[in-house]
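**Student:** File follows, entry10.cif with mmCIF, C-alpha atoms:
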```
data_input
loop_
_atom_site.group_PDB
_atom_site.id
_atom_site.type_symbol
_atom_site.label_atom_id
_atom_site.label_comp_id
_atom_site.auth_asym_id
_atom_site.auth_seq_id
_atom_site.Cartn_x
_atom_site.Cartn_y
_atom_site.Cartn_z
ATOM 1 C CA MET V 1021 -9.308 -10.046 12.100
ATOM 2 C CA LYS V 1022 -5.569 -10.018 11.680
ATOM 3 C CA SER V 1023 -3.817 -6.652 11.736
ATOM 4 C CA HIS V 1024 -0.400 -5.578 10.439
ATOM 5 C CA LYS V 1025 1.012 -2.830 12.669
ATOM 6 C CA LEU V 1026 3.457 -0.501 10.973
ATOM 7 C CA GLU V 1027 6.473 0.047 13.189
ATOM 8 C CA SER V 1028 8.910 1.893 10.928
ATOM 9 C CA PRO V 1029 8.978 4.784 8.487
ATOM 10 C CA GLN V 1030 10.575 2.424 5.949
ATOM 11 C CA ALA V 1031 7.496 0.171 5.975
ATOM 12 C CA MET V 1032 5.221 3.221 5.729
ATOM 13 C CA ARG V 1033 7.149 4.528 2.716
ATOM 14 C CA ALA V 1034 7.063 1.076 1.127
ATOM 15 C CA LEU V 1035 3.279 1.070 1.358
ATOM 16 C CA ALA V 1036 2.947 4.730 0.287
ATOM 17 C CA HIS V 1037 2.817 3.899 -3.413
ATOM 18 C CA PRO V 1038 -0.446 3.914 -5.387
ATOM 19 C CA LEU V 1039 0.064 0.543 -7.082
ATOM 20 C CA ARG V 1040 1.223 -1.121 -3.869
ATOM 21 C CA LEU V 1041 -1.854 0.093 -2.036
ATOM 22 C CA ARG V 1042 -4.027 -1.214 -4.858
ATOM 23 C CA ILE V 1043 -2.250 -4.612 -4.908
ATOM 24 C CA LEU V 1044 -2.666 -5.003 -1.158
ATOM 25 C CA GLY V 1045 -6.307 -3.917 -1.347
ATOM 26 C CA GLU V 1046 -7.035 -6.370 -4.153
ATOM 27 C CA LEU V 1047 -5.457 -9.263 -2.247
ATOM 28 C CA ARG V 1048 -7.450 -8.344 0.856
ATOM 29 C CA ARG V 1049 -10.752 -8.070 -1.008
ATOM 30 C CA GLN V 1050 -10.426 -10.927 -3.500
ATOM 31 C CA GLY V 1051 -8.050 -13.281 -1.709
ATOM 32 C CA ALA V 1052 -4.901 -14.905 -3.059
ATOM 33 C CA ALA V 1053 -3.950 -14.247 -6.681
ATOM 34 C CA THR V 1054 -1.144 -14.625 -9.185
ATOM 35 C CA ILE V 1055 0.795 -11.670 -10.572
ATOM 36 C CA THR V 1056 -1.013 -12.159 -13.897
ATOM 37 C CA GLN V 1057 -4.420 -12.057 -12.193
ATOM 38 C CA LEU V 1058 -3.449 -8.958 -10.196
ATOM 39 C CA ALA V 1059 -2.112 -7.205 -13.303
ATOM 40 C CA ALA V 1060 -5.381 -7.845 -15.152
ATOM 41 C CA ALA V 1061 -7.536 -6.719 -12.225
ATOM 42 C CA LEU V 1062 -5.467 -3.551 -11.724
ATOM 43 C CA ASP V 1063 -4.944 -2.796 -15.429
ATOM 44 C CA SER V 1064 -1.188 -2.770 -14.996
ATOM 45 C CA SER V 1065 1.779 -4.640 -16.462
ATOM 46 C CA THR V 1066 2.857 -7.936 -14.943
ATOM 47 C CA ALA V 1067 6.425 -6.610 -14.589
ATOM 48 C CA SER V 1068 5.258 -3.620 -12.569
ATOM 49 C CA VAL V 1069 2.904 -5.691 -10.407
ATOM 50 C CA SER V 1070 5.645 -8.261 -9.819
ATOM 51 C CA TYR V 1071 8.151 -5.614 -8.713
ATOM 52 C CA HIS V 1072 5.716 -3.895 -6.360
ATOM 53 C CA THR V 1073 4.484 -7.199 -4.922
ATOM 54 C CA GLN V 1074 8.105 -8.042 -4.086
ATOM 55 C CA GLN V 1075 8.439 -4.688 -2.317
ATOM 56 C CA LEU V 1076 5.301 -5.427 -0.291
ATOM 57 C CA ALA V 1077 6.712 -8.858 0.592
ATOM 58 C CA ARG V 1078 9.966 -7.294 1.857
ATOM 59 C CA HIS V 1079 7.890 -5.511 4.502
ATOM 60 C CA ASP V 1080 5.576 -8.467 5.268
ATOM 61 C CA PHE V 1081 2.413 -7.001 3.740
ATOM 62 C CA VAL V 1082 2.083 -10.003 1.407
ATOM 63 C CA GLU V 1083 3.462 -13.530 1.328
ATOM 64 C CA PRO V 1084 3.602 -16.426 -1.105
ATOM 65 C CA ALA V 1085 0.551 -18.709 -1.107
ATOM 66 C CA PRO V 1086 2.018 -21.981 -2.446
ATOM 67 C CA ASP V 1087 -1.064 -23.946 -1.361
ATOM 68 C CA LYS V 1088 -3.015 -22.246 -4.187
ATOM 69 C CA ALA V 1089 -0.619 -23.253 -6.980
ATOM 70 C CA ARG V 1090 -1.742 -26.013 -9.347
ATOM 71 C CA ASN V 1091 1.820 -26.626 -10.543
ATOM 72 C CA ARG V 1092 5.396 -25.601 -9.760
ATOM 73 C CA LYS V 1093 5.324 -22.673 -12.180
ATOM 74 C CA GLU V 1094 2.331 -20.925 -10.622
ATOM 75 C CA ARG V 1095 3.199 -18.377 -7.956
ATOM 76 C CA TRP V 1096 0.333 -17.102 -5.824
ATOM 77 C CA TRP V 1097 0.360 -14.262 -3.290
ATOM 78 C CA ARG V 1098 -1.875 -13.389 -0.350
ATOM 79 C CA ALA V 1099 -2.146 -10.509 2.110
ATOM 80 C CA THR V 1100 -0.653 -11.241 5.516
ATOM 81 C CA ALA V 1101 -3.335 -9.275 7.381
ATOM 82 C CA ASP V 1102 -6.854 -7.926 6.929
ATOM 83 C CA GLN V 1103 -5.882 -4.386 7.871
ATOM 84 C CA THR V 1104 -2.887 -2.144 8.483
ATOM 85 C CA THR V 1105 -2.639 0.059 11.550
ATOM 86 C CA TRP V 1106 -0.114 2.477 12.942
ATOM 87 C CA SER V 1107 0.184 5.080 15.640
ATOM 88 C CA LEU V 1108 2.284 8.200 15.605
ATOM 89 C CA GLU V 1109 2.634 8.110 19.402
ATOM 90 C CA SER V 1110 5.943 6.315 19.105
ATOM 91 C CA PHE V 1111 7.042 8.363 16.101
ATOM 92 C CA GLY V 1112 9.148 11.246 17.223
ATOM 93 C CA ASP V 1113 11.237 12.377 14.300
ATOM 94 C CA GLN V 1114 10.627 14.184 11.025
ATOM 95 C CA GLU V 1115 11.327 11.071 8.948
ATOM 96 C CA GLN V 1116 8.459 9.231 10.581
ATOM 97 C CA HIS V 1117 6.055 12.145 10.229
ATOM 98 C CA ALA V 1118 7.023 12.577 6.564
ATOM 99 C CA ALA V 1119 6.451 8.854 5.929
ATOM 100 C CA ASN V 1120 3.043 9.090 7.612
ATOM 101 C CA ALA V 1121 2.114 12.128 5.517
ATOM 102 C CA ALA V 1122 3.109 10.329 2.302
ATOM 103 C CA LEU V 1123 1.104 7.221 3.197
ATOM 104 C CA VAL V 1124 -2.004 9.160 4.221
ATOM 105 C CA ARG V 1125 -1.792 11.267 1.035
ATOM 106 C CA GLU V 1126 -1.713 8.109 -1.134
ATOM 107 C CA MET V 1127 -4.551 6.545 0.834
ATOM 108 C CA LEU V 1128 -6.677 9.681 0.414
ATOM 109 C CA GLN V 1129 -6.128 9.619 -3.346
ATOM 110 C CA LEU V 1130 -7.074 5.938 -3.470
ATOM 111 C CA HIS V 1131 -10.201 6.573 -1.406
ATOM 112 C CA VAL V 1132 -11.243 9.512 -3.583
ATOM 113 C CA ALA V 1133 -10.769 7.357 -6.703
ATOM 114 C CA SER V 1134 -12.951 4.626 -5.150
ATOM 115 C CA LEU V 1135 -15.682 7.133 -4.325
ATOM 116 C CA GLU V 1136 -15.538 8.603 -7.826
ATOM 117 C CA GLU V 1137 -15.788 5.119 -9.310
ATOM 118 C CA TYR V 1138 -18.911 4.477 -7.243
ATOM 119 C CA GLN V 1139 -20.422 7.833 -8.264
ATOM 120 C CA ARG V 1140 -19.956 7.003 -11.952
ATOM 121 C CA SER V 1141 -21.897 3.759 -11.508
ATOM 122 C CA ALA V 1142 -24.296 4.752 -8.699
ATOM 123 C CA ALA V 1143 -27.405 4.526 -10.876
ATOM 124 C CA GLU V 1144 -26.594 0.888 -11.715
ATOM 125 C CA TRP V 1145 -26.807 -0.097 -8.034
ATOM 126 C CA GLY V 1146 -30.438 0.912 -7.605
ATOM 127 C CA ALA V 1147 -32.457 2.769 -4.994
ATOM 128 C CA ASP V 1148 -31.698 0.456 -2.057
ATOM 129 C CA TRP V 1149 -27.948 1.031 -2.345
ATOM 130 C CA ALA V 1150 -28.433 4.740 -3.101
ATOM 131 C CA ALA V 1151 -30.351 5.131 0.160
ATOM 132 C CA VAL V 1152 -27.462 3.802 2.257
ATOM 133 C CA SER V 1153 -24.466 5.063 0.265
ATOM 134 C CA GLY V 1154 -22.831 8.437 0.363
ATOM 135 C CA PRO V 1155 -21.089 10.850 2.650
ATOM 136 C CA ARG V 1156 -21.698 11.247 6.337
ATOM 137 C CA ASP V 1157 -20.125 14.163 8.163
ATOM 138 C CA TYR V 1158 -20.304 14.434 11.937
ATOM 139 C CA ALA V 1159 -18.939 17.214 14.113
ATOM 140 C CA MET V 1160 -18.513 16.890 17.870
ATOM 141 C CA ARG V 1161 -16.411 18.204 20.715
ATOM 142 C CA LEU V 1162 -14.070 15.478 22.026
ATOM 143 C CA SER V 1163 -10.825 15.043 23.895
ATOM 144 C CA PRO V 1164 -8.179 12.699 22.437
ATOM 145 C CA GLN V 1165 -9.287 10.115 25.008
ATOM 146 C CA ASP V 1166 -12.935 10.515 23.954
ATOM 147 C CA MET V 1167 -11.974 10.088 20.299
ATOM 148 C CA ASP V 1168 -9.973 6.960 21.132
ATOM 149 C CA GLN V 1169 -12.892 5.451 23.048
ATOM 150 C CA MET V 1170 -15.375 6.288 20.287
ATOM 151 C CA LEU V 1171 -13.111 4.783 17.581
ATOM 152 C CA THR V 1172 -12.622 1.632 19.655
ATOM 153 C CA GLU V 1173 -16.401 1.230 19.933
ATOM 154 C CA ILE V 1174 -16.896 1.869 16.202
ATOM 155 C CA GLU V 1175 -14.194 -0.689 15.339
ATOM 156 C CA GLN V 1176 -15.930 -3.260 17.550
ATOM 157 C CA VAL V 1177 -19.194 -2.703 15.673
ATOM 158 C CA ILE V 1178 -17.393 -2.952 12.311
ATOM 159 C CA GLY V 1179 -15.711 -6.168 13.444
ATOM 160 C CA ARG V 1180 -19.080 -7.731 14.227
ATOM 161 C CA TRP V 1181 -20.449 -6.777 10.794
ATOM 162 C CA GLN V 1182 -17.339 -8.049 8.988
ATOM 163 C CA SER V 1183 -17.858 -11.531 10.410
ATOM 164 C CA LYS V 1184 -21.652 -11.581 10.033
ATOM 165 C CA PRO V 1185 -23.215 -13.271 6.977
ATOM 166 C CA ALA V 1186 -25.314 -10.978 4.770
ATOM 167 C CA ALA V 1187 -29.019 -10.874 5.639
ATOM 168 C CA ASP V 1188 -29.893 -11.212 1.947
ATOM 169 C CA PRO V 1189 -27.101 -12.904 -0.032
ATOM 170 C CA GLN V 1190 -28.903 -12.080 -3.292
ATOM 171 C CA THR V 1191 -28.452 -8.325 -2.819
ATOM 172 C CA ALA V 1192 -25.151 -8.455 -0.918
ATOM 173 C CA ALA V 1193 -22.098 -6.752 -2.413
ATOM 174 C CA ARG V 1194 -18.638 -5.848 -1.223
ATOM 175 C CA ALA V 1195 -19.025 -2.628 0.717
ATOM 176 C CA SER V 1196 -16.532 -0.052 1.950
ATOM 177 C CA LEU V 1197 -16.677 2.249 4.932
ATOM 178 C CA ILE V 1198 -13.961 4.894 4.860
ATOM 179 C CA MET V 1199 -13.431 6.914 8.023
ATOM 180 C CA TYR V 1200 -11.066 9.712 8.943
ATOM 181 C CA SER V 1201 -10.963 11.228 12.391
ATOM 182 C CA PHE V 1202 -9.109 14.459 13.085
ATOM 183 C CA PRO V 1203 -9.293 17.633 15.189
ATOM 184 C CA ARG V 1204 -10.363 20.957 13.656
ATOM 185 C CA HIS V 1205 -9.910 24.567 14.680
#
```
Let's see the structure in the file written out as C-alpha cells.
**Tutor:**
Amino acid sequence: MKSHKLESPQAMRALAHPLRLRILGELRRQGAATITQLAAALDSSTASVSYHTQQLARHDFVEPAPDKARNRKERWWRATADQTTWSLESFGDQEQHAANAALVREMLQLHVASLEEYQRSAAEWGADWAAVSGPRDYAMRLSPQDMDQMLTEIEQVIGRWQSKPAADPQTAARASLIMYSFPRH
C-alpha cells in the first residue's frame, strides 16, 4: 500500500476542502477517471471538479493517467497513493495545528455523511451486512506508546485484509472502516 505523507500545512489546507476529499476518495476507490466521470459520480460541475483536481495535483495527491486515454483529447487522473498520513510531532507552530484542525474537521464531516448514507440504505443490504455494520466504541487506559503500538498492529491487520480476495465474491462489497483514536479526560 502506497502512502502519501503530508509534510506541510499548505498541503493539509489544500486537502481540507470537501470536494477535494471526495475527488481523492473517488479516485482511490474507483481508480482512474476523467473529470467528466468524476463530476457525474460526485454530482458536481466539471469546471469545479477540474479546478479542485488541479489543486490536488499541485500537492501530488493526484496525477495524470495518460495510459488510460483512448485519444489525445481524453485526460484521465489517478490518485498517487492509497492513503494519506501525517503526524503532528514535527508540527510546532499555530499554522500547522490550524491546518490539521481544518483537515480533520472536513474529514469528520465526510465520514458522518458516509455513515448517514449507509443508514439511509441499511435495509437494502440485508441481515448479513447489518450484523457486521455499525458503531464500535472501545475505552481503555493507554500511554501514547501503547496507543502507537496498538494502532500499528491494527494497521497491519487492515493491510492483510486489503490485499486478501473476498471469501465470497458474490456478496462482497466495498467496505469502509473509519477509526479515530484520541485521549479523553
**Student:** Suppose you want the space between atom CA of V:Met1167 and atom CA of V:Tyr1200; what is it in Å?
**Tutor:**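 According to the coordinates, atom CA of V:Met1167 and atom CA of V:Tyr1200 are separated by 11.4 Å.
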**Student:** List, as a ChimeraX atom specification, every residue that the PyMOL selection byres ((chain V and resi 1049-1052) around 7) selects in the file provided.
**Tutor:** /V:1045-1048,1053,1085,1096-1098
**Student:** Which residues, protein or nucleic acid, reach to within 7 Å of (-1.1, -0.5, 11.1) in the file's coordinates when using all atoms listed in the file, and can you give that as a CSV table (one decimal) with C-alpha atoms, keeping the file's coordinate frame?
**Tutor:**
```csv
chain,number,residue,atom,x,y,z
V,1023,SER,CA,-3.8,-6.7,11.7
V,1024,HIS,CA,-0.4,-5.6,10.4
V,1025,LYS,CA,1.0,-2.8,12.7
V,1026,LEU,CA,3.5,-0.5,11.0
V,1103,GLN,CA,-5.9,-4.4,7.9
V,1104,THR,CA,-2.9,-2.1,8.5
V,1105,THR,CA,-2.6,0.1,11.6
V,1106,TRP,CA,-0.1,2.5,12.9
```
**Student:** In Å, how far is it from atom CA of V:Pro1086 to atom CA of V:Thr1100?
**Tutor:**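 So the answer is 13.6 Å.
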**Student:** Neighbouring residues of V:Arg1125 were defined as those with any atom within 12 Å, considering all atoms listed in the file; residues of the same chain fewer than 3 positions away were excluded. Please report them as a ChimeraX atom specification.
**Tutor:** /V:1032-1033,1035-1038,1041,1118-1122,1128-1132
**Student:** Axis-aligned box over every listed atom of stretch 1048-1053 of chain V, padded by 3 Å per side: centre and edges in Å to one decimal, as AutoDock Vina command-line options?
**Tutor:**
```
--center_x -7.4 --center_y -11.5 --center_z -2.9 --size_x 12.8 --size_y 12.8 --size_z 13.5
```
**Student:** With all atoms listed in the file as the counted atoms, please give the residues lying no more than 12 Å from V:Ser1068, apart from itself and same-chain residues fewer than 2 positions off, as a tab-separated table (two decimals) with C-alpha atoms, keeping the file's coordinate frame.
**Tutor:**
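Writing done, so here's out.tsv:
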```
chain	number	residue	atom	x	y	z
V	1038	PRO	CA	-0.45	3.91	-5.39
V	1039	LEU	CA	0.06	0.54	-7.08
V	1040	ARG	CA	1.22	-1.12	-3.87
V	1043	ILE	CA	-2.25	-4.61	-4.91
V	1055	ILE	CA	0.80	-11.67	-10.57
V	1056	THR	CA	-1.01	-12.16	-13.90
V	1058	LEU	CA	-3.45	-8.96	-10.20
V	1059	ALA	CA	-2.11	-7.20	-13.30
V	1060	ALA	CA	-5.38	-7.84	-15.15
V	1062	LEU	CA	-5.47	-3.55	-11.72
V	1063	ASP	CA	-4.94	-2.80	-15.43
V	1064	SER	CA	-1.19	-2.77	-15.00
V	1065	SER	CA	1.78	-4.64	-16.46
V	1066	THR	CA	2.86	-7.94	-14.94
V	1070	SER	CA	5.64	-8.26	-9.82
V	1071	TYR	CA	8.15	-5.61	-8.71
V	1072	HIS	CA	5.72	-3.90	-6.36
V	1073	THR	CA	4.48	-7.20	-4.92
V	1074	GLN	CA	8.10	-8.04	-4.09
V	1075	GLN	CA	8.44	-4.69	-2.32
```
**Student:** For this file, the PyMOL selection byres ((chain V and resi 1204) around 10) selects which residues, as a list in words?
**Tutor:** Ala1159, Arg1161, Ser1201, Phe1202, Pro1203 and His1205 of chain V
